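Novice: Sharing work29.cif (mmCIF, C-alpha atoms) below.
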data_target
#
loop_
_atom_site.group_PDB
_atom_site.id
_atom_site.type_symbol
_atom_site.label_atom_id
_atom_site.label_comp_id
_atom_site.auth_asym_id
_atom_site.auth_seq_id
_atom_site.Cartn_x
_atom_site.Cartn_y
_atom_site.Cartn_z
ATOM 1 C CA MET W 211 19.568 -183.472 57.627
ATOM 2 C CA MET W 212 17.621 -182.814 60.809
ATOM 3 C CA VAL W 213 18.299 -186.336 62.105
ATOM 4 C CA LEU W 214 22.094 -186.043 61.762
ATOM 5 C CA PRO W 215 22.807 -183.613 64.641
ATOM 6 C CA LEU W 216 20.653 -185.586 67.078
ATOM 7 C CA ALA W 217 22.397 -188.849 66.142
ATOM 8 C CA TRP W 218 25.747 -187.108 66.494
ATOM 9 C CA THR W 219 24.679 -185.899 69.928
ATOM 10 C CA LEU W 220 23.755 -189.424 70.975
ATOM 11 C CA LEU W 221 27.089 -190.799 69.759
ATOM 12 C CA THR W 222 29.222 -188.129 71.401
ATOM 13 C CA ALA W 223 27.407 -187.883 74.714
ATOM 14 C CA SER W 224 27.328 -191.654 75.141
ATOM 15 C CA LEU W 225 31.085 -191.574 75.562
ATOM 16 C CA TRP W 226 30.710 -190.073 79.029
ATOM 17 C CA THR W 227 27.367 -191.708 79.948
ATOM 18 C CA LEU W 228 28.299 -195.376 79.497
ATOM 19 C CA GLY W 229 26.242 -197.749 81.608
ATOM 20 C CA SER W 230 23.120 -195.565 81.648
ATOM 21 C CA SER W 231 19.789 -196.483 80.053
ATOM 22 C CA GLN W 232 18.626 -194.139 77.315
ATOM 23 C CA ILE W 233 15.183 -193.076 76.096
ATOM 24 C CA LEU W 234 14.939 -191.227 72.793
ATOM 25 C CA GLN W 235 11.821 -189.232 71.961
ATOM 26 C CA ARG W 236 10.997 -189.486 68.268
ATOM 27 C CA GLU W 237 9.576 -186.093 67.422
ATOM 28 C CA PRO W 238 10.274 -183.717 64.529
ATOM 29 C CA ILE W 239 12.653 -180.832 65.124
ATOM 30 C CA LYS W 240 10.877 -177.512 65.572
ATOM 31 C CA ILE W 241 12.119 -174.353 63.848
ATOM 32 C CA ARG W 242 12.074 -170.875 65.370
ATOM 33 C CA TYR W 243 12.906 -167.514 63.787
ATOM 34 C CA PRO W 244 13.861 -165.129 66.629
ATOM 35 C CA GLU W 245 14.643 -161.493 65.930
ATOM 36 C CA ILE W 246 18.174 -160.192 66.245
ATOM 37 C CA LEU W 247 19.059 -158.929 69.785
ATOM 38 C CA SER W 248 15.925 -160.536 71.203
ATOM 39 C CA THR W 249 15.754 -163.085 74.045
ATOM 40 C CA GLU W 250 14.893 -166.676 73.187
ATOM 41 C CA ALA W 251 13.866 -169.266 75.805
ATOM 42 C CA ILE W 252 14.074 -173.018 75.166
ATOM 43 C CA GLU W 253 12.310 -175.327 77.612
ATOM 44 C CA CYS W 254 13.138 -178.933 78.482
ATOM 45 C CA ASP W 255 10.175 -180.367 80.386
ATOM 46 C CA CYS W 256 10.204 -183.325 82.811
ATOM 47 C CA THR W 257 6.759 -184.750 82.118
ATOM 48 C CA ASN W 258 7.921 -188.335 81.438
ATOM 49 C CA ILE W 259 10.863 -188.591 83.814
ATOM 50 C CA SER W 260 11.788 -187.611 87.387
ATOM 51 C CA CYS W 261 14.461 -185.091 86.470
ATOM 52 C CA ASP W 262 17.624 -184.681 88.478
ATOM 53 C CA SER W 263 19.704 -182.698 85.978
ATOM 54 C CA VAL W 264 19.810 -181.536 82.366
ATOM 55 C CA TYR W 265 22.575 -181.247 79.769
ATOM 56 C CA TRP W 266 22.335 -178.716 76.950
ATOM 57 C CA PHE W 267 23.984 -179.100 73.517
ATOM 58 C CA ARG W 268 24.150 -177.100 70.296
ATOM 59 C CA SER W 269 24.916 -178.383 66.810
ATOM 60 C CA ILE W 270 26.516 -175.701 64.601
ATOM 61 C CA GLN W 271 28.506 -175.223 61.370
ATOM 62 C CA ASP W 272 26.293 -177.300 59.071
ATOM 63 C CA HIS W 273 25.715 -179.866 61.847
ATOM 64 C CA ARG W 274 29.384 -180.878 61.885
ATOM 65 C CA LYS W 275 30.318 -179.387 65.255
ATOM 66 C CA LEU W 276 28.714 -180.274 68.580
ATOM 67 C CA GLU W 277 29.070 -177.822 71.452
ATOM 68 C CA PHE W 278 28.375 -178.551 75.116
ATOM 69 C CA LEU W 279 26.560 -175.519 76.517
ATOM 70 C CA GLY W 280 26.153 -176.455 80.152
ATOM 71 C CA LYS W 281 24.507 -178.447 82.906
ATOM 72 C CA CYS W 282 21.881 -177.585 85.516
ATOM 73 C CA ASN W 283 20.531 -179.691 88.409
ATOM 74 C CA ASN W 284 17.481 -179.566 90.664
ATOM 75 C CA ALA W 285 19.308 -177.317 93.130
ATOM 76 C CA ASP W 286 19.655 -174.739 90.312
ATOM 77 C CA ARG W 287 23.415 -175.213 90.272
ATOM 78 C CA THR W 288 24.829 -174.591 86.818
ATOM 79 C CA HIS W 289 28.028 -175.451 85.005
ATOM 80 C CA HIS W 290 28.762 -173.906 81.589
ATOM 81 C CA GLY W 291 30.916 -175.215 78.781
ATOM 82 C CA ALA W 292 34.457 -173.962 78.315
ATOM 83 C CA ASP W 293 33.747 -171.514 75.459
ATOM 84 C CA VAL W 294 30.197 -170.533 76.414
ATOM 85 C CA ASP W 295 29.376 -166.895 77.263
ATOM 86 C CA LYS W 296 27.771 -167.109 80.713
ATOM 87 C CA THR W 297 26.316 -163.605 80.406
ATOM 88 C CA ARG W 298 24.244 -164.572 77.355
ATOM 89 C CA PHE W 299 23.444 -168.252 77.948
ATOM 90 C CA LYS W 300 21.453 -168.582 81.164
ATOM 91 C CA LEU W 301 20.577 -171.990 82.636
ATOM 92 C CA SER W 302 17.851 -172.347 85.252
ATOM 93 C CA LYS W 303 15.470 -174.821 86.919
ATOM 94 C CA GLN W 304 11.718 -174.261 86.735
ATOM 95 C CA SER W 305 8.973 -176.099 88.615
ATOM 96 C CA MET W 306 8.628 -179.052 86.224
ATOM 97 C CA SER W 307 11.253 -178.221 83.603
ATOM 98 C CA PHE W 308 14.654 -176.734 82.870
ATOM 99 C CA MET W 309 15.204 -173.567 80.860
ATOM 100 C CA LEU W 310 17.896 -172.316 78.499
ATOM 101 C CA ARG W 311 17.631 -168.579 77.888
ATOM 102 C CA ILE W 312 19.708 -166.890 75.177
ATOM 103 C CA ILE W 313 20.048 -163.116 75.615
ATOM 104 C CA ASN W 314 20.716 -160.732 72.692
ATOM 105 C CA VAL W 315 20.409 -163.374 70.003
ATOM 106 C CA THR W 316 22.735 -162.944 67.006
ATOM 107 C CA GLU W 317 23.189 -164.746 63.693
ATOM 108 C CA LYS W 318 26.093 -166.689 65.231
ATOM 109 C CA ASP W 319 23.585 -168.412 67.555
ATOM 110 C CA THR W 320 22.127 -170.319 64.603
ATOM 111 C CA GLY W 321 22.010 -174.030 65.340
ATOM 112 C CA ILE W 322 20.033 -176.931 66.737
ATOM 113 C CA TYR W 323 19.618 -176.806 70.518
ATOM 114 C CA SER W 324 18.838 -180.095 72.273
ATOM 115 C CA CYS W 325 18.690 -181.274 75.873
ATOM 116 C CA VAL W 326 19.265 -184.530 77.735
ATOM 117 C CA LEU W 327 17.394 -185.130 81.001
ATOM 118 C CA LYS W 328 18.805 -187.441 83.643
ATOM 119 C CA ASP W 329 17.274 -188.896 86.819
ATOM 120 C CA ARG W 330 18.862 -190.399 89.939
ATOM 121 C CA GLN W 331 18.710 -193.917 88.456
ATOM 122 C CA ASN W 332 21.013 -192.715 85.675
ATOM 123 C CA THR W 333 18.200 -192.924 83.079
ATOM 124 C CA GLU W 334 18.518 -190.445 80.242
ATOM 125 C CA MET W 335 15.701 -188.844 78.254
ATOM 126 C CA TRP W 336 16.839 -187.435 74.898
ATOM 127 C CA LYS W 337 14.642 -184.574 73.760
ATOM 128 C CA PRO W 338 14.220 -183.524 70.115
ATOM 129 C CA GLY W 339 16.090 -180.390 69.163
ATOM 130 C CA ILE W 340 14.920 -176.895 68.258
ATOM 131 C CA LEU W 341 16.486 -175.170 65.268
ATOM 132 C CA LEU W 342 17.084 -171.444 65.770
ATOM 133 C CA ARG W 343 17.444 -169.248 62.705
ATOM 134 C CA PRO W 344 17.945 -165.698 64.025
ATOM 135 C CA GLY W 345 17.201 -162.868 61.620
ATOM 136 C CA VAL W 346 15.645 -165.150 59.014
ATOM 137 C CA ILE W 347 12.198 -164.261 57.761
ATOM 138 C CA PRO W 348 9.882 -167.234 58.358
ATOM 139 C CA PRO W 349 8.365 -168.697 55.205
ATOM 140 C CA THR W 350 4.773 -167.845 54.555
ATOM 141 C CA SER W 351 2.185 -170.314 53.406
ATOM 142 C CA ALA W 352 1.190 -170.223 49.752
ATOM 143 C CA PRO W 353 -1.652 -167.757 49.153
ATOM 144 C CA LEU W 354 -4.986 -169.190 48.233
ATOM 145 C CA PRO W 355 -5.962 -168.820 44.557
ATOM 146 C CA LYS W 356 -8.101 -165.800 43.945
ATOM 147 C CA THR W 357 -11.634 -166.620 42.926
ATOM 148 C CA LYS W 358 -13.018 -164.634 40.038
ATOM 149 C CA PRO W 359 -16.228 -162.758 40.838
ATOM 150 C CA LYS W 360 -19.263 -164.205 39.164
ATOM 151 C CA PRO W 361 -20.731 -162.053 36.374
ATOM 152 C CA PRO W 362 -24.044 -160.394 37.242
ATOM 153 C CA VAL W 363 -27.075 -162.361 36.179
ATOM 154 C CA LYS W 364 -29.083 -160.519 33.548
ATOM 155 C CA PRO W 365 -32.890 -160.669 33.842
ATOM 156 C CA VAL W 366 -34.447 -163.052 31.342
ATOM 157 C CA CYS W 367 -36.962 -161.445 29.034
ATOM 158 C CA ARG W 368 -39.289 -164.010 27.507
ATOM 159 C CA CYS W 369 -40.195 -161.931 24.485
ATOM 160 C CA PRO W 370 -41.352 -163.476 21.176
ATOM 161 C CA THR W 371 -38.503 -163.981 18.782
ATOM 162 C CA GLU W 372 -40.466 -162.570 15.836
ATOM 163 C CA ASN W 373 -40.595 -158.770 15.524
ATOM 164 C CA PRO W 374 -39.187 -157.991 18.966
ATOM 165 C CA SER W 375 -40.211 -154.609 20.339
ATOM 166 C CA PRO W 376 -37.367 -152.081 20.780
ATOM 167 C CA ASP W 377 -38.796 -151.189 24.169
ATOM 168 C CA GLY W 378 -38.500 -154.748 25.470
ATOM 169 C CA CYS W 379 -41.177 -156.649 27.354
ATOM 170 C CA GLY W 380 -42.612 -153.509 28.964
ATOM 171 C CA SER W 381 -44.378 -152.468 25.775
ATOM 172 C CA LEU W 382 -46.082 -155.877 25.496
ATOM 173 C CA VAL W 383 -47.843 -155.248 28.802
ATOM 174 C CA LEU W 384 -48.326 -151.486 28.570
ATOM 175 C CA TRP W 385 -50.072 -151.148 25.227
ATOM 176 C CA PRO W 386 -52.771 -153.808 25.791
ATOM 177 C CA SER W 387 -53.574 -152.164 29.125
ATOM 178 C CA VAL W 388 -53.905 -148.767 27.459
ATOM 179 C CA GLY W 389 -56.177 -150.239 24.781
ATOM 180 C CA LEU W 390 -58.415 -151.907 27.376
ATOM 181 C CA VAL W 391 -58.804 -148.692 29.358
ATOM 182 C CA ALA W 392 -59.576 -146.767 26.173
ATOM 183 C CA ALA W 393 -62.245 -149.323 25.178
ATOM 184 C CA LEU W 394 -63.911 -149.122 28.583
ATOM 185 C CA ALA W 395 -63.890 -145.319 28.469
ATOM 186 C CA LEU W 396 -65.398 -145.340 24.984
ATOM 187 C CA ALA W 397 -68.150 -147.726 26.049
ATOM 188 C CA LEU W 398 -68.961 -145.527 29.054
ATOM 189 C CA ILE W 399 -69.132 -142.398 26.895
ATOM 190 C CA CYS W 400 -71.396 -144.112 24.373
ATOM 191 C CA THR W 401 -73.747 -145.302 27.141
ATOM 192 C CA LEU W 402 -73.993 -141.836 28.679
ATOM 193 C CA TYR W 403 -74.577 -140.297 25.286
ATOM 194 C CA TYR W 404 -77.329 -142.851 24.548
ATOM 195 C CA PHE W 405 -79.182 -142.091 27.753
ATOM 196 C CA SER W 406 -78.788 -138.372 27.245
ATOM 197 C CA ARG W 407 -80.529 -138.571 23.855
ATOM 198 C CA LEU W 408 -83.600 -140.463 25.135
ATOM 199 C CA PRO W 409 -86.836 -138.573 25.844
ATOM 200 C CA LYS W 410 -87.604 -137.839 29.478
ATOM 201 C CA LYS W 411 -90.500 -140.330 29.557
ATOM 202 C CA CYS W 412 -88.301 -143.106 28.333
ATOM 203 C CA ARG W 413 -85.668 -142.263 30.880
ATOM 204 C CA HIS W 414 -88.328 -142.235 33.618
ATOM 205 C CA HIS W 415 -89.501 -145.652 32.400
ATOM 206 C CA PHE W 416 -86.002 -147.097 32.528
ATOM 207 C CA MET W 417 -85.484 -145.773 36.055
ATOM 208 C CA LYS W 418 -88.672 -147.544 37.216
#
Could I get this file's structure written as structure tokens?

Specialist:
Amino acid sequence: MMVLPLAWTLLTASLWTLGSSQILQREPIKIRYPEILSTEAIECDCTNISCDSVYWFRSIQDHRKLEFLGKCNNADRTHHGADVDKTRFKLSKQSMSFMLRIINVTEKDTGIYSCVLKDRQNTEMWKPGILLRPGVIPPTSAPLPKTKPKPPVKPVCRCPTENPSPDGCGSLVLWPSVGLVAALALALICTLYYFSRLPKKCRHHFMK
């Protein structure tokens, strides 16, 4: 459906540009969503052609009606279409491009706006159109799927499967340590008690 208005523009405009060579840029139509009562600027650049003038068109009513908006030349002289509001549709010449500015955009300004550049050799450059959809909320990209948080990793307890302790692995380390300390303490007490029971001469002999 986007190709139809541009082809219709080529067919209609060629009626009054017979004998001129034409260059058609094959680019997709861009879509804009301006706010109501805002100002929208559409640029027609002259990067690939030595521009002498520009012709602006609008395709409306389901792409079945083509409206001539106006013309502007290098001297910044403008000529609007018969039913075009000059106070809202402003045509101007920039340094390397032409500009169409729409003031106080309304829903009635919905349509595809395209331009035709022309040089002194009567060569025409057909630019791809821009679809304006005032007041329409632009579509948003599909949200990314939410990733589920990974469950927390529980610490692995390498306990024996037979007769597991209710206290976990901590008791397997704690009780042997307590038993070892108790054994060392008992051995120390027994040694001290043994030396304390020896006669003084024996103790003196052991010290030598």

Novice: Could you list, as a PDB file with C-alpha atoms, in the coordinates of the input, every residue within 12 Å of Ile252 (chain W), counting all atoms listed in the file and ignoring same-chain residues fewer than 4 positions away?

Specialist:
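Contents of result.pdb, as written:
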ATOM      1  CA  LYS W 240      10.877-177.512  65.572  1.00  0.00           C
ATOM      2  CA  ILE W 241      12.119-174.353  63.848  1.00  0.00           C
ATOM      3  CA  ARG W 242      12.074-170.875  65.370  1.00  0.00           C
ATOM      4  CA  PRO W 244      13.861-165.129  66.629  1.00  0.00           C
ATOM      5  CA  TRP W 266      22.335-178.716  76.950  1.00  0.00           C
ATOM      6  CA  PHE W 267      23.984-179.100  73.517  1.00  0.00           C
ATOM      7  CA  ARG W 268      24.150-177.100  70.296  1.00  0.00           C
ATOM      8  CA  PHE W 299      23.444-168.252  77.948  1.00  0.00           C
ATOM      9  CA  LYS W 300      21.453-168.582  81.164  1.00  0.00           C
ATOM     10  CA  LEU W 301      20.577-171.990  82.636  1.00  0.00           C
ATOM     11  CA  SER W 302      17.851-172.347  85.252  1.00  0.00           C
ATOM     12  CA  LYS W 303      15.470-174.821  86.919  1.00  0.00           C
ATOM     13  CA  GLN W 304      11.718-174.261  86.735  1.00  0.00           C
ATOM     14  CA  SER W 307      11.253-178.221  83.603  1.00  0.00           C
ATOM     15  CA  PHE W 308      14.654-176.734  82.870  1.00  0.00           C
ATOM     16  CA  MET W 309      15.204-173.567  80.860  1.00  0.00           C
ATOM     17  CA  LEU W 310      17.896-172.316  78.499  1.00  0.00           C
ATOM     18  CA  ARG W 311      17.631-168.579  77.888  1.00  0.00           C
ATOM     19  CA  ILE W 312      19.708-166.890  75.177  1.00  0.00           C
ATOM     20  CA  ILE W 313      20.048-163.116  75.615  1.00  0.00           C
ATOM     21  CA  ILE W 322      20.033-176.931  66.737  1.00  0.00           C
ATOM     22  CA  TYR W 323      19.618-176.806  70.518  1.00  0.00           C
ATOM     23  CA  SER W 324      18.838-180.095  72.273  1.00  0.00           C
ATOM     24  CA  CYS W 325      18.690-181.274  75.873  1.00  0.00           C
ATOM     25  CA  LYS W 337      14.642-184.574  73.760  1.00  0.00           C
ATOM     26  CA  PRO W 338      14.220-183.524  70.115  1.00  0.00           C
ATOM     27  CA  GLY W 339      16.090-180.390  69.163  1.00  0.00           C
ATOM     28  CA  ILE W 340      14.920-176.895  68.258  1.00  0.00           C
ATOM     29  CA  LEU W 341      16.486-175.170  65.268  1.00  0.00           C
ATOM     30  CA  LEU W 342      17.084-171.444  65.770  1.00  0.00           C
TER      31      LEU W 342
END

Novice: Please measure the separation of CA of Thr316 (chain W) and CA of Lys275 (chain W), giving the value in Å to one decimal.

Specialist: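 About the pair CA of Thr316 (chain W) and CA of Lys275 (chain W): they are 18.2 Å apart.
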
Novice: Determine, counting all atoms listed in the file, which protein, DNA and RNA residues have an atom within 9 Å of an atom of Gln331 (chain W); residues of the same chain fewer than 2 positions away are not included. Present the result as a PyMOL selection string.

Specialist: chain W and resi 230-231+328-329+333-334

Novice: Would you mind telling me which residue in W:Cys256, W:Ala393, W:Val363, W:Val326 lies nearest to Leu279 (chain W) when using only C-alpha atoms?

Specialist: W:Val326

Novice: Would you work out the distance separating CA of Asp295 (chain W) from CA of Asp262 (chain W), expressed in Å to one decimal?

Specialist: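 Pair CA of Asp295 (chain W) / CA of Asp262 (chain W) returns 24.1 Å.
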
Novice: Please, what distance in Å, to one decimal, runs between CA of Thr320 (chain W) and CA of Glu250 (chain W)?

Specialist: 11.8 Å

Novice: Applied to this file, what does the PyMOL selection byres ((chain W and resi 264) around 6) return in terms of residues, put as a list of chain:residue names?

Specialist: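 Output of the PyMOL selection byres ((chain W and resi 264) around 6): W:Ser263, W:Tyr265, W:Lys281, W:Cys282, W:Val326, W:Leu327.
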
Novice: For the selection you just gave me, I'd like the residues written to a file as a JSON list (two decimals), in the coordinates of the input, keeping C-alpha atoms.

Specialist:
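Printed below is again-v2.json as written:
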[["chain", "number", "residue", "atom", "x", "y", "z"],
["W", 263, "SER", "CA", 19.70, -182.70, 85.98],
["W", 265, "TYR", "CA", 22.58, -181.25, 79.77],
["W", 281, "LYS", "CA", 24.51, -178.45, 82.91],
["W", 282, "CYS", "CA", 21.88, -177.58, 85.52],
["W", 326, "VAL", "CA", 19.26, -184.53, 77.74],
["W", 327, "LEU", "CA", 17.39, -185.13, 81.00]]
